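> Next up, my_file08.txt (compact mmCIF, C-alpha atoms (C1' of nucleotides)).
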# COMPACT_ATOMS: atom_id res chain seq x y z
CA MET J 202 1.29 5.22 -3.24
CA ILE J 203 3.29 6.22 -0.23
CA THR J 204 1.21 6.53 2.94
CA LYS J 205 0.17 9.79 4.55
CA LYS J 206 2.32 8.76 7.45
CA ALA J 207 5.38 8.76 5.21
CA LYS J 208 4.49 12.12 3.75
CA TYR J 209 4.05 13.52 7.26
CA ALA J 210 7.42 12.10 8.23
CA LEU J 211 9.11 13.67 5.23
CA LYS J 212 7.51 17.04 5.77
CA ALA J 213 8.63 17.10 9.37
CA LEU J 214 12.13 15.94 8.48
CA LEU J 215 12.44 18.57 5.77
CA GLU J 216 11.53 21.23 8.31
CA LEU J 217 14.10 19.86 10.70
CA GLY J 218 16.59 19.72 7.88
CA ALA J 219 16.01 23.37 7.06
CA ASP J 220 16.52 24.24 10.72
CA TYR J 221 19.52 21.97 11.20
CA ASP J 222 22.16 24.67 11.39
CA THR J 223 20.55 26.36 14.37
CA LYS J 224 21.19 23.22 16.44
CA LYS J 225 18.03 24.08 18.34
CA PRO J 226 15.27 21.54 18.93
CA VAL J 227 11.92 22.15 17.29
CA LEU J 228 8.62 21.48 19.06
CA ILE J 229 6.31 18.75 17.85
CA SER J 230 3.45 21.25 17.97
CA ASN J 231 5.45 23.51 15.76
CA LEU J 232 6.14 20.86 13.18
CA ALA J 233 2.54 19.73 13.32
CA GLU J 234 1.23 23.20 12.74
CA ARG J 235 3.66 24.09 9.99
CA GLY J 236 2.99 20.86 8.16
CA ARG J 237 -0.73 20.64 8.92
CA ILE J 238 -0.21 17.28 10.53
CA PRO J 239 -2.36 15.87 13.36
CA LYS J 240 -0.14 16.44 16.38
CA LYS J 241 -0.74 13.17 18.19
CA PHE J 242 -0.09 11.24 15.02
CA LEU J 243 3.11 13.13 14.39
CA GLU J 244 4.28 12.29 17.90
CA LEU J 245 4.20 8.61 17.04
CA ILE J 246 6.01 9.17 13.79
CA LEU J 247 8.79 11.23 15.32
CA LEU J 248 9.19 8.76 18.14
CA GLU J 249 9.66 5.96 15.66
CA LEU J 250 12.22 7.98 13.74
CA LYS J 251 14.03 8.69 16.95
CA ASN J 252 14.10 5.02 17.90
CA LYS J 253 15.57 4.27 14.51
CA GLY J 254 18.34 6.79 15.02
CA ILE J 255 17.16 9.42 12.60
CA LEU J 256 16.20 11.98 15.20
CA GLU J 257 17.30 13.13 18.62
CA SER J 258 14.98 14.59 21.20
CA ARG J 259 15.13 16.73 24.30
CA LYS J 260 12.52 16.76 26.99
CA GLY J 261 11.29 19.59 29.15
CA LYS J 262 11.37 23.26 28.50
CA GLY J 263 13.38 24.21 25.45
CA GLY J 264 13.03 20.65 24.25
CA GLY J 265 11.86 19.22 20.96
CA TYR J 266 13.31 17.25 18.08
CA LEU J 267 16.40 17.62 15.92
CA LEU J 268 18.03 15.59 13.19
CA ALA J 269 20.60 13.16 14.56
CA LYS J 270 22.75 13.66 11.46
CA PRO J 271 23.29 16.44 8.91
CA PRO J 272 20.52 16.54 6.28
CA ALA J 273 23.01 15.44 3.62
CA GLN J 274 23.31 12.11 5.40
CA VAL J 275 19.63 11.37 5.83
CA MET J 276 18.42 9.41 2.83
CA LEU J 277 14.91 9.30 1.50
CA GLY J 278 15.09 5.54 1.06
CA THR J 279 15.96 5.06 4.71
CA ILE J 280 12.95 7.06 5.82
CA LEU J 281 10.50 5.34 3.51
CA ARG J 282 11.73 1.91 4.62
CA ILE J 283 11.24 2.86 8.27
CA ILE J 284 7.76 4.25 7.80
CA ASP J 285 6.24 2.30 4.92
CA GLY J 286 8.33 -0.87 5.00
CA PRO J 287 10.34 -2.45 2.17
CA LEU J 288 10.56 -0.52 -1.09
CA ALA J 289 10.39 -3.63 -3.26
CA PRO J 290 7.33 -4.19 -5.47
CA LEU J 291 7.65 -7.94 -4.85
CA PRO J 292 8.79 -9.63 -1.63
CA CYS J 293 11.32 -11.67 -3.64
CA LEU J 294 13.07 -8.44 -4.69
CA SER J 295 13.59 -6.94 -1.28
CA GLN J 296 17.14 -6.89 0.01
CA THR J 297 16.12 -5.68 3.44
CA ALA J 298 13.16 -8.05 3.80
CA TYR J 299 13.48 -10.86 1.29
CA ARG J 300 10.69 -13.41 1.17
CA LYS J 301 9.98 -15.99 -1.46
CA CYS J 302 6.76 -15.28 -3.35
CA ASP J 303 4.16 -17.72 -2.05
CA GLU J 304 3.38 -19.55 -5.24
CA CYS J 305 6.59 -18.96 -7.16
CA GLN J 306 8.66 -21.90 -8.30
CA ASP J 307 11.56 -20.40 -10.14
CA GLU J 308 12.62 -16.89 -9.29
CA THR J 309 15.36 -16.70 -11.84
CA HIS J 310 12.94 -17.21 -14.71
CA CYS J 311 9.97 -15.24 -13.42
CA SER J 312 9.16 -12.60 -16.00
CA ILE J 313 7.09 -10.57 -13.56
CA ARG J 314 10.11 -10.43 -11.32
CA ALA J 315 12.33 -9.39 -14.22
CA VAL J 316 10.32 -6.28 -15.05
CA MET J 317 9.82 -5.41 -11.43
CA LYS J 318 13.51 -5.76 -10.76
CA ASP J 319 14.20 -3.08 -13.34
CA LEU J 320 11.75 -0.81 -11.59
CA HIS J 321 13.05 -1.65 -8.17
CA ASP J 322 16.68 -1.05 -9.09
CA TYR J 323 15.89 2.39 -10.41
CA GLN J 324 13.80 3.18 -7.38
CA VAL J 325 16.36 2.03 -4.83
CA ASN J 326 19.12 3.87 -6.60
CA LEU J 327 17.13 7.07 -6.68
CA LEU J 328 15.77 6.96 -3.15
CA ASP J 329 19.01 5.84 -1.52
CA ASN J 330 20.91 8.62 -3.21
CA THR J 331 18.51 11.42 -2.44
CA SER J 332 19.12 13.15 0.87
CA LEU J 333 17.05 15.67 2.77
CA GLU J 334 19.64 18.23 1.74
CA GLY J 335 19.24 17.30 -1.89
CA MET J 336 15.52 17.73 -1.59
CA LEU J 337 15.84 21.07 0.15
CA GLU J 338 18.06 22.37 -2.62
CA LYS J 339 15.69 21.89 -5.47
CA GLY J 340 12.18 23.03 -4.69
CA CYS J 341 12.01 25.02 -1.49
CA ALA J 342 11.28 23.37 1.80
CA VAL J 343 7.94 21.88 0.98
CA ALA J 344 6.48 22.18 4.35
CA ALA J 345 7.39 25.81 4.64
CA VAL J 346 5.40 26.76 1.60
CA GLY J 347 2.11 28.19 2.61
CA ASN J 348 3.27 29.25 6.02
CA TYR J 349 5.79 31.83 5.04
CA ALA J 350 3.59 33.09 2.31
CA ILE J 351 4.55 33.85 -1.24
CA MET X 260 4.35 -3.75 -3.15
CA ILE X 261 1.90 -4.89 -5.77
CA THR X 262 -0.99 -6.92 -4.35
CA LYS X 263 -1.42 -10.65 -4.64
CA LYS X 264 -4.44 -9.92 -6.75
CA ALA X 265 -2.27 -8.14 -9.31
CA LYS X 266 0.24 -10.94 -9.34
CA TYR X 267 -2.57 -13.45 -9.86
CA ALA X 268 -3.91 -11.35 -12.71
CA LEU X 269 -0.51 -11.18 -14.38
CA LYS X 270 0.13 -14.88 -14.02
CA ALA X 271 -3.20 -15.71 -15.59
CA LEU X 272 -2.69 -13.19 -18.38
CA LEU X 273 0.76 -14.54 -19.14
CA GLU X 274 -0.71 -18.02 -19.46
CA LEU X 275 -3.36 -16.68 -21.77
CA GLY X 276 -0.71 -14.79 -23.67
CA ALA X 277 1.31 -17.94 -24.19
CA ASP X 278 -1.82 -19.72 -25.43
CA TYR X 279 -2.98 -16.83 -27.58
CA ASP X 280 -2.13 -18.37 -30.94
CA THR X 281 -4.37 -21.39 -30.37
CA LYS X 282 -7.38 -19.06 -30.29
CA LYS X 283 -8.95 -21.51 -27.86
CA PRO X 284 -10.45 -20.41 -24.57
CA VAL X 285 -8.75 -21.56 -21.37
CA LEU X 286 -10.73 -22.69 -18.33
CA ILE X 287 -10.60 -20.68 -15.13
CA SER X 288 -9.92 -23.91 -13.24
CA ASN X 289 -7.01 -24.51 -15.52
CA LEU X 290 -5.50 -21.10 -14.97
CA ALA X 291 -6.12 -21.40 -11.26
CA GLU X 292 -4.38 -24.72 -11.03
CA ARG X 293 -1.44 -23.77 -13.21
CA GLY X 294 -0.88 -20.56 -11.32
CA ARG X 295 -1.75 -21.92 -7.85
CA ILE X 296 -4.41 -19.29 -7.52
CA PRO X 297 -7.60 -19.70 -5.44
CA LYS X 298 -10.19 -20.39 -8.12
CA LYS X 299 -13.04 -18.29 -6.78
CA PHE X 300 -10.73 -15.35 -6.32
CA LEU X 301 -9.41 -15.72 -9.84
CA GLU X 302 -12.98 -15.71 -11.17
CA LEU X 303 -13.47 -12.20 -9.82
CA ILE X 304 -10.19 -11.03 -11.23
CA LEU X 305 -10.83 -12.36 -14.71
CA LEU X 306 -14.32 -10.96 -14.71
CA GLU X 307 -12.95 -7.55 -13.89
CA LEU X 308 -10.40 -7.82 -16.68
CA LYS X 309 -13.13 -8.85 -19.05
CA ASN X 310 -15.29 -5.89 -18.08
CA LYS X 311 -12.32 -3.63 -18.73
CA GLY X 312 -11.88 -5.05 -22.22
CA ILE X 313 -8.70 -7.03 -21.60
CA LEU X 314 -10.30 -10.44 -21.88
CA GLU X 315 -13.06 -12.19 -23.75
CA SER X 316 -15.00 -15.11 -22.43
CA ARG X 317 -17.14 -17.94 -23.69
CA LYS X 318 -19.74 -19.74 -21.66
CA GLY X 319 -20.81 -23.35 -21.73
CA LYS X 320 -18.90 -26.37 -22.85
CA GLY X 321 -15.66 -25.53 -24.57
CA GLY X 322 -15.78 -22.12 -22.96
CA GLY X 323 -13.24 -20.20 -20.93
CA TYR X 324 -11.20 -17.03 -21.24
CA LEU X 325 -8.98 -15.58 -23.96
CA LEU X 326 -7.10 -12.36 -24.47
CA ALA X 327 -9.18 -9.76 -26.28
CA LYS X 328 -6.05 -8.47 -28.02
CA PRO X 329 -2.68 -9.91 -29.04
CA PRO X 330 -0.23 -10.11 -26.12
CA ALA X 331 1.91 -7.45 -27.74
CA GLN X 332 -0.91 -4.96 -27.22
CA VAL X 333 -1.64 -5.71 -23.58
CA MET X 334 0.47 -3.45 -21.42
CA LEU X 335 1.60 -4.15 -17.90
CA GLY X 336 0.71 -0.62 -16.82
CA THR X 337 -2.85 -1.05 -17.98
CA ILE X 338 -3.26 -4.22 -15.95
CA LEU X 339 -1.74 -2.82 -12.80
CA ARG X 340 -3.94 0.27 -13.00
CA ILE X 341 -7.05 -1.87 -13.35
CA ILE X 342 -6.20 -4.17 -10.47
CA ASP X 343 -4.21 -2.06 -8.04
CA GLY X 344 -5.30 1.44 -8.99
CA PRO X 345 -3.17 4.44 -9.96
CA LEU X 346 0.56 3.85 -10.34
CA ALA X 347 1.51 7.22 -8.90
CA PRO X 348 3.33 7.36 -5.56
CA LEU X 349 1.48 10.59 -4.75
CA PRO X 350 -2.10 11.48 -5.73
CA CYS X 351 -0.87 14.78 -7.17
CA LEU X 352 1.26 12.88 -9.69
CA SER X 353 -1.40 10.63 -11.13
CA GLN X 354 -2.55 11.39 -14.64
CA THR X 355 -5.36 8.88 -14.53
CA ALA X 356 -6.57 9.83 -11.05
CA TYR X 357 -5.18 13.22 -10.12
CA ARG X 358 -5.98 14.55 -6.68
CA LYS X 359 -4.44 17.44 -4.84
CA CYS X 360 -2.48 16.31 -1.80
CA ASP X 361 -4.59 17.16 1.23
CA GLU X 362 -2.24 19.53 2.99
CA CYS X 363 -0.18 20.73 0.06
CA GLN X 364 -0.07 24.41 -0.79
CA ASP X 365 2.22 24.67 -3.73
CA GLU X 366 2.64 21.65 -5.94
CA THR X 367 5.15 23.22 -8.25
CA HIS X 368 7.63 23.75 -5.44
CA CYS X 369 7.03 20.58 -3.44
CA SER X 370 10.35 18.79 -3.16
CA ILE X 371 8.72 15.50 -2.20
CA ARG X 372 6.72 15.70 -5.39
CA ALA X 373 9.84 16.48 -7.40
CA VAL X 374 11.66 13.30 -6.39
CA MET X 375 8.56 11.19 -6.70
CA LYS X 376 7.90 12.57 -10.13
CA ASP X 377 11.25 11.28 -11.27
CA LEU X 378 10.33 7.85 -9.94
CA HIS X 379 6.86 7.96 -11.36
CA ASP X 380 8.00 8.98 -14.83
CA TYR X 381 10.40 6.09 -15.00
CA GLN X 382 7.78 3.71 -13.71
CA VAL X 383 5.06 4.78 -16.08
CA ASN X 384 7.41 4.68 -19.01
CA LEU X 385 8.55 1.18 -18.16
CA LEU X 386 5.17 -0.31 -17.34
CA ASP X 387 3.32 1.29 -20.23
CA ASN X 388 5.92 0.03 -22.67
CA THR X 389 6.10 -3.51 -21.41
CA SER X 390 3.61 -5.88 -23.00
CA LEU X 391 2.68 -9.43 -22.12
CA GLU X 392 4.58 -10.46 -25.19
CA GLY X 393 7.66 -8.63 -24.05
CA MET X 394 7.42 -10.38 -20.73
CA LEU X 395 6.96 -13.76 -22.32
CA GLU X 396 10.06 -13.27 -24.44
CA LYS X 397 12.52 -12.74 -21.66
CA GLY X 398 12.09 -15.25 -18.89
CA CYS X 399 9.77 -18.07 -19.76
CA ALA X 400 6.09 -17.91 -18.97
CA VAL X 401 6.29 -17.47 -15.24
CA ALA X 402 3.20 -19.31 -14.42
CA ALA X 403 4.24 -22.29 -16.48
CA VAL X 404 7.39 -22.79 -14.51
CA GLY X 405 6.89 -25.46 -11.93
CA ASN X 406 4.13 -27.15 -13.82
CA TYR X 407 6.00 -28.10 -16.92
CA ALA X 408 9.04 -29.06 -14.95
CA ILE X 409 12.55 -27.78 -15.28
C1' DT N 158 11.96 21.54 45.18
C1' DA N 159 7.60 22.32 43.11
C1' DT N 160 5.86 22.90 38.75
C1' DA N 161 5.25 23.49 34.12
C1' DA N 162 6.93 22.08 29.65
C1' DA N 163 7.88 18.49 26.55
C1' DC N 164 8.58 14.12 24.95
C1' DA N 165 7.47 8.70 25.79
C1' DC N 166 4.58 5.03 25.81
C1' DT N 167 0.45 2.03 25.70
C1' DA N 168 -3.91 1.14 24.29
C1' DC N 169 -7.77 1.71 21.70
C1' DT N 170 -10.75 2.55 17.52
C1' DA N 171 -13.02 3.55 13.08
C1' DA N 172 -12.59 3.00 8.32
C1' DT N 173 -10.71 0.89 4.51
C1' DT N 174 -8.42 -2.58 1.82
C1' DC N 175 -6.96 -7.23 0.96
C1' DT N 176 -7.85 -11.94 0.36
C1' DA N 177 -10.67 -14.61 -0.10
C1' DT N 178 -15.44 -17.92 0.14
C1' DA N 179 -20.46 -19.14 -0.78
C1' DG N 180 -24.22 -19.62 -3.46
C1' DA N 181 -27.55 -18.61 -6.75
C1' DC N 182 -28.02 -17.24 -11.68
C1' DT N 183 -27.39 -17.25 -16.79
C1' DA N 184 -25.86 -18.74 -21.20
C1' DA N 185 -24.18 -22.14 -24.47
C1' DA N 186 -23.37 -26.75 -26.32
C1' DT N 187 -24.87 -31.31 -27.19
C1' DA W 199 -32.98 -31.67 -20.81
C1' DT W 200 -28.72 -31.69 -19.01
C1' DT W 201 -24.20 -30.48 -18.32
C1' DT W 202 -20.66 -27.20 -18.55
C1' DA W 203 -18.82 -22.91 -17.63
C1' DG W 204 -18.81 -18.13 -16.83
C1' DT W 205 -21.62 -14.11 -14.02
C1' DC W 206 -22.93 -11.72 -10.21
C1' DT W 207 -23.93 -10.42 -5.39
C1' DA W 208 -23.11 -10.89 -0.75
C1' DT W 209 -20.45 -11.87 3.09
C1' DA W 210 -16.40 -12.25 6.14
C1' DG W 211 -11.93 -12.43 8.54
C1' DA W 212 -7.43 -10.32 8.73
C1' DA W 213 -4.46 -6.68 8.04
C1' DT W 214 -3.39 -1.97 7.37
C1' DT W 215 -4.16 2.95 7.75
C1' DA W 216 -4.98 6.98 10.08
C1' DG W 217 -5.84 8.52 13.71
C1' DT W 218 -7.27 9.65 19.31
C1' DA W 219 -6.92 9.32 24.40
C1' DG W 220 -4.70 9.15 28.45
C1' DT W 221 -1.06 8.38 31.48
C1' DG W 222 3.90 8.36 32.52
C1' DT W 223 8.65 10.29 32.59
C1' DT W 224 12.23 13.63 32.16
C1' DT W 225 14.15 18.23 32.33
C1' DA W 226 14.64 23.22 33.05
C1' DT W 227 14.00 26.79 35.94
C1' DA W 228 11.66 29.98 39.18
Written as structure tokens, how would this file's structure read?


Amino acid sequence: MITKKAKYALKALLELGADYDTKKPVLISNLAERGRIPKKFLELILLELKNKGILESRKGKGGGYLLAKPPAQVMLGTILRIIDGPLAPLPCLSQTAYRKCDECQDETHCSIRAVMKDLHDYQVNLLDNTSLEGMLEKGCAVAAVGNYAI
Amino acid sequence: MITKKAKYALKALLELGADYDTKKPVLISNLAERGRIPKKFLELILLELKNKGILESRKGKGGGYLLAKPPAQVMLGTILRIIDGPLAPLPCLSQTAYRKCDECQDETHCSIRAVMKDLHDYQVNLLDNTSLEGMLEKGCAVAAVGNYAI
DNA sequence: TATAAACACTACTAATTCTATAGACTAAAT
DNA sequence: ATTTAGTCTATAGAATTAGTAGTGTTTATA
């Protein structure tokens, strides 16, 4: 399961992706309301995404958040790694955060690892090739549903 | 990431799978030692697997645990669901434990759900079609590695 | 240049899950 | 009887999750 935090992040990013062309910052309160996300919690999430270079922000009146890059260049995998940590089902499979499994002796012959590697490869390939734009194209902007009615 | 508990369960089951033909029960202590698993923790895990019908046990001298079914009929997906819960990355994708996402209005148009469904389908298909036997065939018995040398 | 609007940052907390450990109990074999 | 081995319940520390609170800092603009 992905965390609620990650889902909140994605919802907010999809909203920002949909608004990208306007080049205008969107208020946290706005994103929180549209996505039904606790505002204070969302603040933390957006701040983290900003510090990781995904978002830009402007303070003061007329401020808010915007995507730092076009939605086609923001990958789902990147976001999930930032918010939920490594994608790998086993530490010994992670490329971004490799760690030997505590009790494992021989990685190359581990049959658990073999199956999980199959899974992981598919997963990484999918998530690192799916952009916010791609998501916005199929299915409408998730977050928008329910606010702008049927 | 799968939990340590799940990895412990799989290691023990793979050992039991490898020993299946002997029809002789294997001691918890034995499994614990071979897999470098805390014994008391493993007890709980095996008990749970027994209560779910995956294992059989015998008490008293000459007792221990054995697979309740041939290794070819014990699926990885089944084990992971028992130990770690639903496989689905989103509650609204789980077939065994469906739950509407808290803030979601329209599942059918949710673009997060759409990507995750792709992932989930692949995952379920892989894990529900991989048996202990299948795992034992490729890669040697994981757990055995390191105990029976090279 | 005051002031209001927004984000930035730190700290705290409640609840849950993960990873165990302890100890008493029960059943089977000899 | 006694030993062997699984069964079951309770407890506990650490980590993670999902927030909340409150103060600080920056910017626009009246």

> Calculate how many Å separate CA of Gly263 in chain J from C1' of DT227 in chain W, rounding to one decimal.

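Straight-line distance from CA of Gly263 in chain J to C1' of DT227 in chain W works out to 10.8 Å.
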
> Give as a PDB file with C-alpha atoms (C1' of nucleotides), keeping the file's coordinate frame every residue of chain N that touches chain X within 7 Å, counting all atoms listed in the file.


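Heads up, here's the output in part_21.pdb:
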ATOM      1  C1'  DA N 177     -10.670 -14.610  -0.100  1.00  0.00           C
ATOM      2  C1'  DA N 184     -25.860 -18.740 -21.200  1.00  0.00           C
ATOM      3  C1'  DA N 185     -24.180 -22.140 -24.470  1.00  0.00           C
ATOM      4  C1'  DA N 186     -23.370 -26.750 -26.320  1.00  0.00           C
TER       5       DA N 186
END

> Using only C-alpha atoms (C1' of nucleotides), which protein or nucleic acid residues come within 10 Å of DT174 in chain N? Drop anything in the same chain fewer than 6 positions from it, and give the result as number ranges by chain.

W: 213-215

> Go through X:Pro329, X:Pro284, X:Gly323, X:Gly344 one by one, measure the shortest atom-to-atom distance of each to chain W using all atoms listed in the file, and give the residue with the smallest value.

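Ranking X:Pro329, X:Pro284, X:Gly323, X:Gly344 by distance to chain W, first place goes to X:Gly323.
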
> Ranking X:Leu306, X:Ile296, X:Ala277, X:Ala327 by minimum distance to Asp303 in chain J and counting all atoms listed in the file, which one comes first?

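Selected residue with least distance to Asp303 in chain J: X:Ile296.
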
> Give me, as a PDB file with C-alpha atoms, in the frame of the given file, all polymer residues having an atom no more than 10 Å from Gly218 in chain J, counting only C-alpha atoms (C1' of nucleotides) and skipping those fewer than 4 positions away in the same chain.


ATOM      1  CA  LEU J 211       9.110  13.670   5.230  1.00  0.00           C
ATOM      2  CA  LYS J 212       7.510  17.040   5.770  1.00  0.00           C
ATOM      3  CA  ALA J 213       8.630  17.100   9.370  1.00  0.00           C
ATOM      4  CA  LEU J 214      12.130  15.940   8.480  1.00  0.00           C
ATOM      5  CA  ASP J 222      22.160  24.670  11.390  1.00  0.00           C
ATOM      6  CA  LEU J 267      16.400  17.620  15.920  1.00  0.00           C
ATOM      7  CA  LEU J 268      18.030  15.590  13.190  1.00  0.00           C
ATOM      8  CA  LYS J 270      22.750  13.660  11.460  1.00  0.00           C
ATOM      9  CA  PRO J 271      23.290  16.440   8.910  1.00  0.00           C
ATOM     10  CA  PRO J 272      20.520  16.540   6.280  1.00  0.00           C
ATOM     11  CA  ALA J 273      23.010  15.440   3.620  1.00  0.00           C
ATOM     12  CA  VAL J 275      19.630  11.370   5.830  1.00  0.00           C
ATOM     13  CA  SER J 332      19.120  13.150   0.870  1.00  0.00           C
ATOM     14  CA  LEU J 333      17.050  15.670   2.770  1.00  0.00           C
ATOM     15  CA  GLU J 334      19.640  18.230   1.740  1.00  0.00           C
ATOM     16  CA  MET J 336      15.520  17.730  -1.590  1.00  0.00           C
ATOM     17  CA  LEU J 337      15.840  21.070   0.150  1.00  0.00           C
ATOM     18  CA  ALA J 342      11.280  23.370   1.800  1.00  0.00           C
TER      19      ALA J 342
END

> What does chain J look like once superposed on chain X, all Cα atoms paired in sequence order, least squares? Give it as a compact mmCIF listing (two decimals) with C-alpha atoms, keeping the file's coordinate frame.


# COMPACT_ATOMS: atom_id res chain seq x y z
CA MET J 202 4.36 -3.72 -3.18
CA ILE J 203 1.93 -4.88 -5.79
CA THR J 204 -0.98 -6.88 -4.38
CA LYS J 205 -1.38 -10.63 -4.66
CA LYS J 206 -4.41 -9.90 -6.75
CA ALA J 207 -2.25 -8.13 -9.31
CA LYS J 208 0.27 -10.94 -9.34
CA TYR J 209 -2.55 -13.45 -9.85
CA ALA J 210 -3.87 -11.34 -12.70
CA LEU J 211 -0.48 -11.19 -14.37
CA LYS J 212 0.15 -14.89 -14.01
CA ALA J 213 -3.18 -15.70 -15.58
CA LEU J 214 -2.67 -13.18 -18.37
CA LEU J 215 0.79 -14.53 -19.12
CA GLU J 216 -0.69 -18.01 -19.46
CA LEU J 217 -3.35 -16.67 -21.77
CA GLY J 218 -0.70 -14.79 -23.67
CA ALA J 219 1.32 -17.95 -24.17
CA ASP J 220 -1.80 -19.71 -25.43
CA TYR J 221 -2.97 -16.83 -27.59
CA ASP J 222 -2.15 -18.36 -30.95
CA THR J 223 -4.40 -21.36 -30.39
CA LYS J 224 -7.41 -19.02 -30.28
CA LYS J 225 -8.96 -21.48 -27.85
CA PRO J 226 -10.46 -20.38 -24.54
CA VAL J 227 -8.78 -21.55 -21.36
CA LEU J 228 -10.75 -22.66 -18.30
CA ILE J 229 -10.61 -20.66 -15.10
CA SER J 230 -9.92 -23.89 -13.22
CA ASN J 231 -7.02 -24.49 -15.51
CA LEU J 232 -5.50 -21.09 -14.96
CA ALA J 233 -6.10 -21.38 -11.24
CA GLU J 234 -4.38 -24.71 -11.03
CA ARG J 235 -1.44 -23.78 -13.21
CA GLY J 236 -0.86 -20.58 -11.31
CA ARG J 237 -1.73 -21.91 -7.85
CA ILE J 238 -4.40 -19.28 -7.50
CA PRO J 239 -7.59 -19.68 -5.43
CA LYS J 240 -10.17 -20.38 -8.11
CA LYS J 241 -13.02 -18.28 -6.77
CA PHE J 242 -10.70 -15.34 -6.32
CA LEU J 243 -9.39 -15.70 -9.84
CA GLU J 244 -12.94 -15.68 -11.16
CA LEU J 245 -13.42 -12.18 -9.80
CA ILE J 246 -10.14 -11.01 -11.22
CA LEU J 247 -10.79 -12.36 -14.70
CA LEU J 248 -14.29 -10.94 -14.68
CA GLU J 249 -12.92 -7.52 -13.89
CA LEU J 250 -10.37 -7.80 -16.67
CA LYS J 251 -13.09 -8.83 -19.04
CA ASN J 252 -15.25 -5.87 -18.07
CA LYS J 253 -12.30 -3.62 -18.74
CA GLY J 254 -11.85 -5.05 -22.21
CA ILE J 255 -8.69 -7.01 -21.60
CA LEU J 256 -10.26 -10.43 -21.87
CA GLU J 257 -13.04 -12.15 -23.74
CA SER J 258 -15.01 -15.07 -22.38
CA ARG J 259 -17.17 -17.89 -23.63
CA LYS J 260 -19.73 -19.68 -21.57
CA GLY J 261 -20.80 -23.29 -21.61
CA LYS J 262 -18.92 -26.29 -22.76
CA GLY J 263 -15.69 -25.47 -24.52
CA GLY J 264 -15.80 -22.06 -22.90
CA GLY J 265 -13.24 -20.15 -20.89
CA TYR J 266 -11.19 -17.00 -21.23
CA LEU J 267 -8.97 -15.57 -23.94
CA LEU J 268 -7.08 -12.34 -24.45
CA ALA J 269 -9.16 -9.75 -26.28
CA LYS J 270 -6.03 -8.46 -28.03
CA PRO J 271 -2.66 -9.91 -29.06
CA PRO J 272 -0.22 -10.12 -26.13
CA ALA J 273 1.94 -7.44 -27.75
CA GLN J 274 -0.87 -4.96 -27.22
CA VAL J 275 -1.61 -5.72 -23.59
CA MET J 276 0.49 -3.45 -21.42
CA LEU J 277 1.62 -4.14 -17.91
CA GLY J 278 0.74 -0.62 -16.83
CA THR J 279 -2.83 -1.06 -18.00
CA ILE J 280 -3.25 -4.21 -15.96
CA LEU J 281 -1.73 -2.80 -12.80
CA ARG J 282 -3.94 0.29 -13.02
CA ILE J 283 -7.04 -1.88 -13.37
CA ILE J 284 -6.19 -4.16 -10.48
CA ASP J 285 -4.20 -2.04 -8.03
CA GLY J 286 -5.33 1.45 -9.00
CA PRO J 287 -3.18 4.44 -9.99
CA LEU J 288 0.55 3.86 -10.36
CA ALA J 289 1.50 7.24 -8.91
CA PRO J 290 3.31 7.38 -5.56
CA LEU J 291 1.43 10.60 -4.76
CA PRO J 292 -2.15 11.46 -5.74
CA CYS J 293 -0.92 14.77 -7.19
CA LEU J 294 1.23 12.86 -9.71
CA SER J 295 -1.44 10.63 -11.14
CA GLN J 296 -2.55 11.40 -14.67
CA THR J 297 -5.37 8.88 -14.57
CA ALA J 298 -6.59 9.84 -11.09
CA TYR J 299 -5.21 13.23 -10.16
CA ARG J 300 -6.04 14.56 -6.71
CA LYS J 301 -4.49 17.43 -4.87
CA CYS J 302 -2.54 16.30 -1.81
CA ASP J 303 -4.66 17.14 1.23
CA GLU J 304 -2.32 19.50 2.98
CA CYS J 305 -0.25 20.70 0.05
CA GLN J 306 -0.16 24.37 -0.81
CA ASP J 307 2.15 24.64 -3.75
CA GLU J 308 2.60 21.63 -5.97
CA THR J 309 5.11 23.22 -8.25
CA HIS J 310 7.57 23.75 -5.42
CA CYS J 311 6.98 20.58 -3.43
CA SER J 312 10.30 18.79 -3.15
CA ILE J 313 8.68 15.51 -2.19
CA ARG J 314 6.69 15.71 -5.38
CA ALA J 315 9.82 16.48 -7.39
CA VAL J 316 11.63 13.31 -6.37
CA MET J 317 8.53 11.22 -6.68
CA LYS J 318 7.86 12.58 -10.12
CA ASP J 319 11.22 11.28 -11.26
CA LEU J 320 10.32 7.87 -9.92
CA HIS J 321 6.85 7.97 -11.35
CA ASP J 322 8.00 8.99 -14.82
CA TYR J 323 10.41 6.10 -14.99
CA GLN J 324 7.80 3.71 -13.70
CA VAL J 325 5.07 4.80 -16.09
CA ASN J 326 7.42 4.69 -19.01
CA LEU J 327 8.57 1.21 -18.15
CA LEU J 328 5.19 -0.29 -17.33
CA ASP J 329 3.34 1.29 -20.24
CA ASN J 330 5.93 0.03 -22.67
CA THR J 331 6.13 -3.51 -21.41
CA SER J 332 3.64 -5.88 -22.99
CA LEU J 333 2.69 -9.43 -22.11
CA GLU J 334 4.60 -10.47 -25.21
CA GLY J 335 7.67 -8.62 -24.03
CA MET J 336 7.46 -10.38 -20.72
CA LEU J 337 7.00 -13.78 -22.32
CA GLU J 338 10.09 -13.27 -24.43
CA LYS J 339 12.55 -12.76 -21.66
CA GLY J 340 12.14 -15.23 -18.83
CA CYS J 341 9.82 -18.06 -19.75
CA ALA J 342 6.15 -17.91 -19.00
CA VAL J 343 6.33 -17.48 -15.28
CA ALA J 344 3.24 -19.32 -14.47
CA ALA J 345 4.25 -22.31 -16.51
CA VAL J 346 7.39 -22.86 -14.52
CA GLY J 347 6.87 -25.58 -12.03
CA ASN J 348 4.06 -27.21 -13.93
CA TYR J 349 5.93 -28.30 -16.97
CA ALA J 350 8.88 -29.30 -14.93
CA ILE J 351 12.49 -28.51 -15.58
